[in-house]
Structure formats: structure tokens, C-alpha cells
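Shown next, in C-alpha cells, is the structure this report addresses.
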Amino acid sequence: MIYRLSFLLFFLLTAWAPAHSKESQKPLKIVASFSILGNIVKTVGGKEIEVFYIVQENEDPHIFRPTPETSLLLAKADGVFINGLGLEGWFSRLITASGYKGNVFIAAKGIEGERAPCDHPSATPILDPHAWHSLVHVQTYAQNIADDLSRIRPEKASYFEKNAQAFIDEVQKIYDWAQKEVSKIPKSQRKVVTGHDAFFYLGRDLGIEFVSPQGVTTEAEPSAKDVARVIQFVKKNNIKTVFVESLTSQRLIRELADEAGATVGAELYTDALSKKGGPAPTYPIMARHNLTHIFSAMSESAQLEASLQRRRFFS
Ligand SMILES: [Zn+2]
């Protein structure tokens with residue numbers, strides 16, 4: 001009898017244990033509000049998580065409209081990451097509609113958001129949400145994500161920490177390179193025109209002035225006055241290239257370039273990644289893509305300015 005009982009106990013323990021450990025190994029289902037954030041979350045979570053984006057690659061998180069499918073996505077989530085700083089104005093309605101009661105983590109936690117610069121008199125001042133373009137702030141994102149994933153799966157905390165540190169090291173390398181590149185450009189030529197104000201934090205870190213006809217959100221159309229102001233800026237600073245963005249209307253920037261006598265540069269990725277195989281499928285590749293084009297436009301303007309100065313000197 002005793003033999004039978006211990007055999008039964010042994011059988012139950014061995015049968016139960018593998019099933020249980022297998023269960024805990026299943027990847028967590030994590031939802032991220034938009035693709036750039038989703039890619040950072042996936043980099044930190046690695047094989048321990050599956051990530052689903054609410055706003056897909058090549059879609060604009062400023063003007064997103066949740067659908068019933070978005071609610072279903074949340075219903076299955078083990079955790080949800082949003083940017084914060086007012087980016088996802090649609091998120092609280094989505095939470096109510098979906099009935100989601102789980103964890104909502106804010107990736108920009110601890111980062112002090114800046115009010116949008118007041119050079120758009122038509123716009124009411126709002127927080128600038130684009131902190132992810134700061135190569136300093138995005139390191140805080142990675143650390144926050146590691147800490148938050150560790151709350152859901154504490155036994156993998158050191159794995160998340162290791163992945164976050166690798167991302168931080170990679171981003172720091174890009175930042176070191178960017179600082180070196182920017183130092184080659186005269187301060188007076190560190191001026192760039194883009195579709196909407198997505199690069200304020202990046203510009204603040206690197207000493208680059210970014211100007212655009214549209215404010216920090218893509219919700220409102222720029223006014224004729226805003227467009228005229230940017231045209232003046234391009235002419236005054238001998239800017240040769242103005243940038244279009246992958247998400248915002250390219251028509252406006254093309255007209256603006258025509259009017260100001262500038263050419264249209266590459267597509268910058270501001271609020272969404274490209275699809276796989278595109279020029280910006282991950283955060284580090286996106287950052288290098290944007291910065292490479294920004295630096296080449298600034299040095300082009302700097303060369304033009306230098307040759308104009310030489311001409312003025314010899315005439
Ligand atoms: Zn934006």
C-alpha cells in the first residue's frame with residue numbers, strides 16, 4: 001500500500017512539474033501603443049514576450065482611431081506599454097471600451113516633458129510627446145521597460161536587464177557618433193526643416209534647430225502663416241534640403257521646397273517604423289537613418305554658405 005501511494009505521489013509530481021514549468025515559459029503577450037515603442041519593448045523582452053502593436057508600422061499614432069479589434073487585442077494582453085506625455089490621446093477611451101484591467105506601463109515615466117515651443121501662435125501649447133527621438137531619453141525608456149517586464153515575470157529580471165543594457169550601449173554609440181558628426185558643422189548651420197515638430201528633444205541634445213510648418217501633433221493642418229514662416233527660414237539660412245516624413249503629407253513640404261528654392265530630401269521616420277525591409281525597421285536603424293540624412297543636409301548647407309562667403313569676400 002505504502003509502495004503504491006509513494007508511486008502515485010512520484011507519478012503526480014513528475015507529471016505535474018514539467019507541465020507547470022512549460023506553462024511559465026510561454027511568452028508573455030505584450031501590447032505596445034505604436035511601432036517604435038513596440039520595437040524597443042521587444043528588444044528588451046526578447047524571447048520572453050510576443051509584442052503586438054496597436055498603431056502599426058507606417059501608421060500615425062497622433063490621429064489613430066481604435067476599432068473593436070483593438071479592444072480584442074487588449075483583452076488577451078499580459079501588459080500594455082504606452083509612451084505617455086500625451087501622445088496617445090485615444091488611449092483612455094480604448095481602455096474604457098475594452099474593459100482591460102491589467103497593467104498599463106508608461107515608457108516615458110520619469111522624463112520631464114517639454115511644452116511645445118511657442119513659435120506656432122495658432123496652436124495651444126501642449127506637451128511634446130516625441131521623447132523617444134532623444135538618444136538620452138530613449139535609454140530611460142529601455143530601463144523602464146526592463147523594470148516593468150520584471151514586475152510581470154520577476155524570475156527573468158536579469159535577462160530583461162541584460163537586454164536593456166545592450167540596447168542602451170547601442171544607442172549610446174549612436175549618440176557618441178552623432179555628437180562627433182554635429183561638431184563638424186558650424187553652429188550657425190545646424191538648422192533643419194521637417195514636416196512636423198518631432199525632433200525637439202533630439203535637437204536640444206545635439207544643438208540642432210528643427211523648424212516645421214506643423215506643430216507637435218499632426219492633427220491640425222498648418223496655417224498659411226506657418227508655411228510662410230518656414231519658407232523665410234529656409235531662404236534666410238541657405239537651407240538646400242527640406243525633409244518629408246513617412247507619415248505626414250508630402251505635398252505641403254514639396255510646395256514649400258519649390259517656393260523656397262530648396263530640394264526635397266529623404267523620408268524621415270518620426271512616429272512609426274517602416275515595415276521589415278524598409279529603411280527604418282528597428283529603433284537603432286531608424287535613428288541612424290534619420291541622423292545620416294540630417295547631417296548630410298546640414299553639411300550641404302554649410303558648404304553652400306562657405307562658398308557664398310568666399311564669393312562675397314573676393315567680389
Ligand atoms: Zn509626431
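Residue names in the C-alpha cells use chain letters A, B, ... in the order shown, residue numbers from 1 in each chain, and ligand numbers from 1 in the order shown.
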
Exercise answer, 7 Å around ligand 1 with only C-alpha atoms and all ligand atoms, as a list in words: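 Written in the requested form, the residues are His62, His130, His196, Asp197, Ala198, Val216, Thr217, Thr218, Thr270 and Asp271 of chain A.
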
Test item: residues at most 10 Å from range 181-187 of chain A, only C-alpha atoms, excluding those fewer than 2 positions along its chain, as a PyMOL selection string: chain A and resi 175-179+189-191+206-209+291-292+294-296+298-303+306

Could you write those residues out with N, CA, C and O atoms, as a short mmCIF file (atom, residue, chain, number, x, y, z; two decimals), in the first residue's frame?
```cif
data_model
loop_
_atom_site.label_atom_id
_atom_site.label_comp_id
_atom_site.auth_asym_id
_atom_site.auth_seq_id
_atom_site.Cartn_x
_atom_site.Cartn_y
_atom_site.Cartn_z
N TYR A 175 24.70 57.91 -30.20
CA TYR A 175 24.76 59.26 -29.65
C TYR A 175 26.19 59.82 -29.72
O TYR A 175 26.40 60.98 -30.11
N ASP A 176 27.18 58.98 -29.38
CA ASP A 176 28.59 59.42 -29.45
C ASP A 176 28.94 59.81 -30.89
O ASP A 176 29.57 60.84 -31.12
N TRP A 177 28.53 58.96 -31.85
CA TRP A 177 28.79 59.24 -33.28
C TRP A 177 28.10 60.55 -33.69
O TRP A 177 28.70 61.40 -34.35
N ALA A 178 26.83 60.73 -33.25
CA ALA A 178 26.06 61.92 -33.63
C ALA A 178 26.71 63.18 -33.08
O ALA A 178 26.78 64.21 -33.78
N GLN A 179 27.23 63.11 -31.85
CA GLN A 179 27.88 64.29 -31.26
C GLN A 179 29.14 64.67 -32.05
O GLN A 179 29.41 65.84 -32.26
N GLN A 189 24.86 76.77 -38.92
CA GLN A 189 24.24 75.95 -39.98
C GLN A 189 23.51 74.73 -39.43
O GLN A 189 23.08 73.87 -40.20
N ARG A 190 23.37 74.66 -38.15
CA ARG A 190 22.69 73.49 -37.57
C ARG A 190 21.19 73.74 -37.54
O ARG A 190 20.58 73.92 -36.48
N LYS A 191 20.60 73.78 -38.71
CA LYS A 191 19.17 74.10 -38.86
C LYS A 191 18.56 73.13 -39.86
O LYS A 191 19.13 72.91 -40.94
N LEU A 206 21.52 67.76 -29.26
CA LEU A 206 22.65 67.90 -30.20
C LEU A 206 22.90 69.33 -30.65
O LEU A 206 23.79 69.59 -31.44
N GLY A 207 22.09 70.27 -30.15
CA GLY A 207 22.28 71.67 -30.55
C GLY A 207 21.85 71.92 -32.00
O GLY A 207 22.52 72.67 -32.71
N ILE A 208 20.78 71.28 -32.44
CA ILE A 208 20.26 71.49 -33.80
C ILE A 208 18.89 72.16 -33.68
O ILE A 208 18.07 71.75 -32.85
N GLU A 209 18.65 73.17 -34.52
CA GLU A 209 17.34 73.83 -34.51
C GLU A 209 16.46 73.16 -35.57
O GLU A 209 16.78 73.19 -36.76
N LEU A 291 19.45 60.47 -38.70
CA LEU A 291 20.61 61.32 -38.42
C LEU A 291 21.54 61.45 -39.62
O LEU A 291 22.05 62.53 -39.90
N THR A 292 21.74 60.35 -40.34
CA THR A 292 22.62 60.40 -41.52
C THR A 292 22.11 61.44 -42.51
O THR A 292 22.87 62.25 -43.02
N ILE A 294 20.00 63.94 -41.90
CA ILE A 294 20.01 65.28 -41.27
C ILE A 294 21.42 65.88 -41.35
O ILE A 294 21.60 67.03 -41.73
N PHE A 295 22.44 65.07 -41.03
CA PHE A 295 23.83 65.58 -41.07
C PHE A 295 24.23 65.94 -42.49
O PHE A 295 24.89 66.94 -42.72
N SER A 296 23.82 65.11 -43.46
CA SER A 296 24.27 65.41 -44.83
C SER A 296 23.58 66.68 -45.33
O SER A 296 24.21 67.49 -46.01
N MET A 298 22.67 69.25 -43.44
CA MET A 298 23.29 70.39 -42.75
C MET A 298 24.67 70.69 -43.33
O MET A 298 25.03 71.85 -43.50
N SER A 299 25.45 69.65 -43.67
CA SER A 299 26.80 69.95 -44.19
C SER A 299 26.69 70.50 -45.60
O SER A 299 27.52 71.33 -46.00
N GLU A 300 25.66 70.09 -46.34
CA GLU A 300 25.42 70.65 -47.68
C GLU A 300 25.16 72.16 -47.58
O GLU A 300 25.75 72.95 -48.31
N SER A 301 24.30 72.55 -46.63
CA SER A 301 24.02 73.98 -46.42
C SER A 301 25.26 74.72 -45.95
O SER A 301 25.51 75.85 -46.35
N ALA A 302 26.06 74.04 -45.09
CA ALA A 302 27.27 74.68 -44.58
C ALA A 302 28.25 74.94 -45.71
O ALA A 302 28.89 75.99 -45.77
N GLN A 303 28.37 73.97 -46.64
CA GLN A 303 29.28 74.15 -47.79
C GLN A 303 28.81 75.30 -48.67
O GLN A 303 29.60 76.11 -49.14
N ALA A 306 29.62 78.53 -46.99
CA ALA A 306 31.05 78.83 -47.06
C ALA A 306 31.42 79.35 -48.45
O ALA A 306 32.19 80.30 -48.58
#
```

Pick from A:Thr140, A:Ser188, A:Ser71, A:Thr43 nearest to Tyr100 in chain A, counting only C-alpha atoms: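 For Tyr100 in chain A, the nearest of the given residues is A:Ser71.
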
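The two atoms in question, CA of Leu268 in chain A and CA of Trp132 in chain A, are spaced 14.4 Å apart.
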
Selection: 6 Å around range 259-267 of chain A, only C-alpha atoms, excl. self and same-chain fewer than 5 positions, as number ranges by chain: A: 231, 235, 240-246

Those in range 78-266 of chain A with strand (DSSP E) from DSSP, as a PyMOL selection string: chain A and resi 79-82+104-106+191-193+209-211+241-245+263-266

Could you please take those selected residues and save C-alpha atoms as an mmCIF file, in the first residue's frame?
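Saved the output as result.cif:
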```
data_model
loop_
_atom_site.group_PDB
_atom_site.id
_atom_site.type_symbol
_atom_site.label_atom_id
_atom_site.label_comp_id
_atom_site.auth_asym_id
_atom_site.auth_seq_id
_atom_site.Cartn_x
_atom_site.Cartn_y
_atom_site.Cartn_z
ATOM 1 C CA GLY A 79 0.691 44.010 -20.082
ATOM 2 C CA VAL A 80 0.334 47.183 -22.130
ATOM 3 C CA PHE A 81 3.010 49.813 -22.814
ATOM 4 C CA ILE A 82 2.211 53.343 -23.921
ATOM 5 C CA VAL A 104 -0.537 49.824 -18.182
ATOM 6 C CA PHE A 105 3.127 50.888 -18.180
ATOM 7 C CA ILE A 106 4.332 54.317 -19.282
ATOM 8 C CA LYS A 191 19.173 74.095 -38.862
ATOM 9 C CA VAL A 192 16.796 71.529 -40.315
ATOM 10 C CA VAL A 193 13.274 71.681 -41.788
ATOM 11 C CA GLU A 209 17.336 73.825 -34.511
ATOM 12 C CA PHE A 210 14.411 71.957 -36.087
ATOM 13 C CA VAL A 211 11.694 74.005 -37.760
ATOM 14 C CA THR A 241 17.223 70.299 -48.458
ATOM 15 C CA VAL A 242 13.918 70.092 -46.606
ATOM 16 C CA PHE A 243 12.629 66.775 -45.334
ATOM 17 C CA VAL A 244 9.419 64.881 -45.889
ATOM 18 C CA GLU A 245 8.190 62.361 -43.345
ATOM 19 C CA THR A 263 15.056 70.329 -52.848
ATOM 20 C CA VAL A 264 13.128 67.596 -51.053
ATOM 21 C CA GLY A 265 15.302 65.216 -49.033
ATOM 22 C CA ALA A 266 14.810 61.640 -47.895
#
```

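Among the candidates A:Ser33, A:Asn58, A:Ser150, A:Ser249, the one nearest to Pro281 in chain A when counting only C-alpha atoms is A:Asn58.
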
Which of range 50-85 of chain A fall in alpha helix (DSSP H), as an NGL selection string: :A and (68-75)

All residues 12 Å or closer to Glu170 in chain A, only C-alpha atoms, same chain fewer than 6 positions away omitted, as a PDB file with N, CA, C and O atoms, in the first residue's frame:
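Generated file (part_10.pdb):
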```pdb
ATOM      1  N   THR A  43      12.858  44.356 -27.995  1.00  0.00           N
ATOM      2  CA  THR A  43      14.309  44.225 -27.818  1.00  0.00           C
ATOM      3  C   THR A  43      14.638  43.888 -26.365  1.00  0.00           C
ATOM      4  O   THR A  43      15.489  43.047 -26.086  1.00  0.00           O
ATOM      5  N   LEU A 135      18.317  60.482 -27.855  1.00  0.00           N
ATOM      6  CA  LEU A 135      19.117  59.272 -27.637  1.00  0.00           C
ATOM      7  C   LEU A 135      19.483  59.119 -26.163  1.00  0.00           C
ATOM      8  O   LEU A 135      20.003  58.090 -25.748  1.00  0.00           O
ATOM      9  N   VAL A 136      19.181  60.150 -25.373  1.00  0.00           N
ATOM     10  CA  VAL A 136      19.364  60.074 -23.919  1.00  0.00           C
ATOM     11  C   VAL A 136      18.068  59.538 -23.293  1.00  0.00           C
ATOM     12  O   VAL A 136      18.074  58.563 -22.540  1.00  0.00           O
ATOM     13  N   VAL A 138      15.668  57.864 -24.608  1.00  0.00           N
ATOM     14  CA  VAL A 138      15.264  56.505 -25.003  1.00  0.00           C
ATOM     15  C   VAL A 138      15.963  55.449 -24.143  1.00  0.00           C
ATOM     16  O   VAL A 138      15.482  54.328 -23.989  1.00  0.00           O
ATOM     17  N   GLN A 139      17.083  55.839 -23.532  1.00  0.00           N
ATOM     18  CA  GLN A 139      17.762  54.910 -22.614  1.00  0.00           C
ATOM     19  C   GLN A 139      16.918  54.730 -21.345  1.00  0.00           C
ATOM     20  O   GLN A 139      16.866  53.646 -20.771  1.00  0.00           O
ATOM     21  N   ALA A 142      14.203  52.231 -22.136  1.00  0.00           N
ATOM     22  CA  ALA A 142      14.654  50.830 -22.062  1.00  0.00           C
ATOM     23  C   ALA A 142      14.725  50.354 -20.615  1.00  0.00           C
ATOM     24  O   ALA A 142      14.299  49.239 -20.291  1.00  0.00           O
ATOM     25  N   ASN A 163      19.266  42.646 -21.630  1.00  0.00           N
ATOM     26  CA  ASN A 163      18.812  43.112 -22.953  1.00  0.00           C
ATOM     27  C   ASN A 163      18.709  44.641 -22.999  1.00  0.00           C
ATOM     28  O   ASN A 163      19.070  45.270 -23.995  1.00  0.00           O
ATOM     29  N   ALA A 164      18.192  45.226 -21.907  1.00  0.00           N
ATOM     30  CA  ALA A 164      18.056  46.690 -21.860  1.00  0.00           C
ATOM     31  C   ALA A 164      19.434  47.331 -21.934  1.00  0.00           C
ATOM     32  O   ALA A 164      19.646  48.316 -22.639  1.00  0.00           O
ATOM     33  N   ASP A 176      27.180  58.979 -29.379  1.00  0.00           N
ATOM     34  CA  ASP A 176      28.586  59.416 -29.450  1.00  0.00           C
ATOM     35  C   ASP A 176      28.941  59.806 -30.886  1.00  0.00           C
ATOM     36  O   ASP A 176      29.573  60.836 -31.119  1.00  0.00           O
ATOM     37  N   TRP A 177      28.527  58.963 -31.849  1.00  0.00           N
ATOM     38  CA  TRP A 177      28.787  59.241 -33.278  1.00  0.00           C
ATOM     39  C   TRP A 177      28.095  60.553 -33.691  1.00  0.00           C
ATOM     40  O   TRP A 177      28.699  61.398 -34.346  1.00  0.00           O
ATOM     41  N   TYR A 283      14.485  50.509 -33.988  1.00  0.00           N
ATOM     42  CA  TYR A 283      14.836  51.825 -33.429  1.00  0.00           C
ATOM     43  C   TYR A 283      16.250  52.261 -33.824  1.00  0.00           C
ATOM     44  O   TYR A 283      16.427  53.365 -34.350  1.00  0.00           O
ATOM     45  N   PRO A 284      17.300  51.420 -33.589  1.00  0.00           N
ATOM     46  CA  PRO A 284      18.660  51.904 -33.916  1.00  0.00           C
ATOM     47  C   PRO A 284      18.823  52.210 -35.402  1.00  0.00           C
ATOM     48  O   PRO A 284      19.475  53.199 -35.760  1.00  0.00           O
ATOM     49  N   ILE A 285      18.245  51.407 -36.273  1.00  0.00           N
ATOM     50  CA  ILE A 285      18.380  51.666 -37.724  1.00  0.00           C
ATOM     51  C   ILE A 285      17.642  52.948 -38.080  1.00  0.00           C
ATOM     52  O   ILE A 285      18.118  53.765 -38.863  1.00  0.00           O
ATOM     53  N   ALA A 287      17.133  55.548 -36.091  1.00  0.00           N
ATOM     54  CA  ALA A 287      17.899  56.691 -35.576  1.00  0.00           C
ATOM     55  C   ALA A 287      19.068  57.007 -36.503  1.00  0.00           C
ATOM     56  O   ALA A 287      19.299  58.176 -36.843  1.00  0.00           O
ATOM     57  N   ARG A 288      19.791  55.978 -36.940  1.00  0.00           N
ATOM     58  CA  ARG A 288      20.931  56.210 -37.851  1.00  0.00           C
ATOM     59  C   ARG A 288      20.457  56.745 -39.199  1.00  0.00           C
ATOM     60  O   ARG A 288      21.102  57.618 -39.780  1.00  0.00           O
TER      61      ARG A 288
END
```

One-decimal distance in Å that lies between CA of Lys42 in chain A and CA of Glu88 in chain A: 19.5 Å
